[in-house]
Amino acid sequence: MTKYLVLIAVISVVLWMVTGKARAAARRDRRQADRPAEDMVRCAHCGVFLPKAESVEARGARFCSREHERLH
Ligand SMILES: [Zn+2]
């Protein structure tokens with residue numbers, strides 16, 4: 001009987017560690033997702049925010065599309 005209690009205790013500790021790690025990882029991911037808009041830029045024409053990688057840069061300003069770059 002004691003053997004089973006030890007086994008249960010060991011399993012509990014292992015599960016606790018595993019889920020704890022998962023929780024920590026989830027927290028880390030969330031932090032990265034919530035990261036302030038350092039990679040976000042604003043369209044100089046319509047003011048919409050978009051990822052820097054998707055923006056169009058022209059004449060020192062950033063735009064959400066070629067269309068707005070042209071219209072600006
Ligand atoms: Zn725009």
# chains A, B, ... in the order shown; residues from 1 in each chain; ligands from 1

$ residues_near_ligand --ligand "ligand 1" --cutoff "9 Å" --atoms "only C-alpha atoms and all ligand atoms" --output "ChimeraX atom specification"
/A:42-49,62-69,72

$ residues_around --residues "Met40 of chain A" --least-positions-apart "5" --cutoff "7 Å" --atoms "only C-alpha atoms" --output "ChimeraX atom specification"
/A:49-52

$ atom_distance --atom1 "atom CA of Asp29 of chain A" --atom2 "atom CA of Ser12 of chain A"
25.3 Å

$ select_by_dssp --residues "chain A" --states "helix (DSSP H, G or I)" --output "PyMOL selection string"
chain A and resi 2-33+52-54+66-71

$ write_last_selection --atoms "C-alpha atoms" --output "PDB file, in the first residue's frame"
ATOM      1  CA  THR A   2       2.767   2.431   0.890  1.00  0.00           C
ATOM      2  CA  LYS A   3       4.302   1.624  -2.483  1.00  0.00           C
ATOM      3  CA  TYR A   4       1.192   2.946  -4.220  1.00  0.00           C
ATOM      4  CA  LEU A   5       1.161   6.092  -2.138  1.00  0.00           C
ATOM      5  CA  VAL A   6       4.783   6.737  -3.101  1.00  0.00           C
ATOM      6  CA  LEU A   7       3.913   6.074  -6.726  1.00  0.00           C
ATOM      7  CA  ILE A   8       0.970   8.478  -6.563  1.00  0.00           C
ATOM      8  CA  ALA A   9       3.168  11.084  -4.908  1.00  0.00           C
ATOM      9  CA  VAL A  10       5.836  10.683  -7.577  1.00  0.00           C
ATOM     10  CA  ILE A  11       3.266  10.929 -10.383  1.00  0.00           C
ATOM     11  CA  SER A  12       1.750  14.012  -8.777  1.00  0.00           C
ATOM     12  CA  VAL A  13       5.141  15.696  -8.542  1.00  0.00           C
ATOM     13  CA  VAL A  14       5.964  14.810 -12.152  1.00  0.00           C
ATOM     14  CA  LEU A  15       2.595  16.075 -13.380  1.00  0.00           C
ATOM     15  CA  TRP A  16       2.985  19.215 -11.320  1.00  0.00           C
ATOM     16  CA  MET A  17       6.400  19.852 -12.839  1.00  0.00           C
ATOM     17  CA  VAL A  18       5.203  19.133 -16.370  1.00  0.00           C
ATOM     18  CA  THR A  19       2.116  21.332 -16.108  1.00  0.00           C
ATOM     19  CA  GLY A  20       4.187  23.989 -14.368  1.00  0.00           C
ATOM     20  CA  LYS A  21       6.571  24.026 -17.312  1.00  0.00           C
ATOM     21  CA  ALA A  22       3.662  24.196 -19.733  1.00  0.00           C
ATOM     22  CA  ARG A  23       2.179  27.078 -17.767  1.00  0.00           C
ATOM     23  CA  ALA A  24       5.508  28.898 -17.795  1.00  0.00           C
ATOM     24  CA  ALA A  25       5.800  28.354 -21.547  1.00  0.00           C
ATOM     25  CA  ALA A  26       2.259  29.610 -22.082  1.00  0.00           C
ATOM     26  CA  ARG A  27       3.042  32.673 -20.004  1.00  0.00           C
ATOM     27  CA  ARG A  28       6.157  33.282 -22.089  1.00  0.00           C
ATOM     28  CA  ASP A  29       4.214  32.936 -25.335  1.00  0.00           C
ATOM     29  CA  ARG A  30       1.529  35.286 -24.103  1.00  0.00           C
ATOM     30  CA  ARG A  31       4.128  37.842 -23.122  1.00  0.00           C
ATOM     31  CA  GLN A  32       5.611  37.679 -26.596  1.00  0.00           C
ATOM     32  CA  ALA A  33       2.173  38.009 -28.181  1.00  0.00           C
ATOM     33  CA  LYS A  52       6.225  46.695 -40.050  1.00  0.00           C
ATOM     34  CA  ALA A  53       6.998  43.738 -42.344  1.00  0.00           C
ATOM     35  CA  GLU A  54       3.703  44.271 -44.189  1.00  0.00           C
ATOM     36  CA  ARG A  66       0.957  50.959 -52.329  1.00  0.00           C
ATOM     37  CA  GLU A  67      -2.413  52.603 -52.887  1.00  0.00           C
ATOM     38  CA  HIS A  68      -2.051  54.797 -49.809  1.00  0.00           C
ATOM     39  CA  GLU A  69       1.579  55.495 -50.567  1.00  0.00           C
ATOM     40  CA  ARG A  70       0.444  56.793 -53.947  1.00  0.00           C
ATOM     41  CA  LEU A  71      -2.519  58.774 -52.523  1.00  0.00           C
TER      42      LEU A  71
END

$ select_by_dssp --residues "chain A" --states "strand (DSSP E)" --output "PyMOL selection string"
chain A and resi 40-42+49-51+56-58+61-63

$ write_last_selection --atoms "N, CA and C atoms" --output "JSON list (two decimals), in the first residue's frame"
[["chain", "number", "residue", "atom", "x", "y", "z"],
["A", 40, "MET", "N", 5.07, 47.37, -34.91],
["A", 40, "MET", "CA", 3.90, 47.87, -35.61],
["A", 40, "MET", "C", 4.21, 49.28, -36.11],
["A", 41, "VAL", "N", 3.71, 49.59, -37.26],
["A", 41, "VAL", "CA", 3.89, 50.94, -37.81],
["A", 41, "VAL", "C", 2.53, 51.48, -38.19],
["A", 42, "ARG", "N", 2.48, 52.77, -38.37],
["A", 42, "ARG", "CA", 1.20, 53.40, -38.68],
["A", 42, "ARG", "C", 1.22, 53.94, -40.10],
["A", 49, "PHE", "N", -2.81, 50.79, -38.04],
["A", 49, "PHE", "CA", -1.59, 50.14, -37.56],
["A", 49, "PHE", "C", -1.44, 48.79, -38.24],
["A", 50, "LEU", "N", -0.23, 48.47, -38.64],
["A", 50, "LEU", "CA", 0.03, 47.17, -39.27],
["A", 50, "LEU", "C", 1.45, 46.75, -38.97],
["A", 51, "PRO", "N", 1.72, 45.45, -39.09],
["A", 51, "PRO", "CA", 3.10, 44.99, -38.84],
["A", 51, "PRO", "C", 4.07, 45.65, -39.80],
["A", 56, "VAL", "N", 4.54, 49.44, -46.41],
["A", 56, "VAL", "CA", 5.24, 49.95, -47.58],
["A", 56, "VAL", "C", 5.96, 51.22, -47.13],
["A", 57, "GLU", "N", 7.25, 51.28, -47.39],
["A", 57, "GLU", "CA", 7.99, 52.46, -46.99],
["A", 57, "GLU", "C", 8.28, 53.32, -48.22],
["A", 58, "ALA", "N", 8.03, 54.60, -48.06],
["A", 58, "ALA", "CA", 8.30, 55.52, -49.18],
["A", 58, "ALA", "C", 8.55, 56.91, -48.62],
["A", 61, "ALA", "N", 8.25, 57.69, -44.92],
["A", 61, "ALA", "CA", 7.00, 57.40, -44.23],
["A", 61, "ALA", "C", 6.60, 55.97, -44.52],
["A", 62, "ARG", "N", 5.65, 55.47, -43.72],
["A", 62, "ARG", "CA", 5.19, 54.10, -43.92],
["A", 62, "ARG", "C", 3.70, 54.09, -44.23],
["A", 63, "PHE", "N", 3.32, 53.18, -45.08],
["A", 63, "PHE", "CA", 1.93, 53.10, -45.52],
["A", 63, "PHE", "C", 1.44, 51.66, -45.45]]
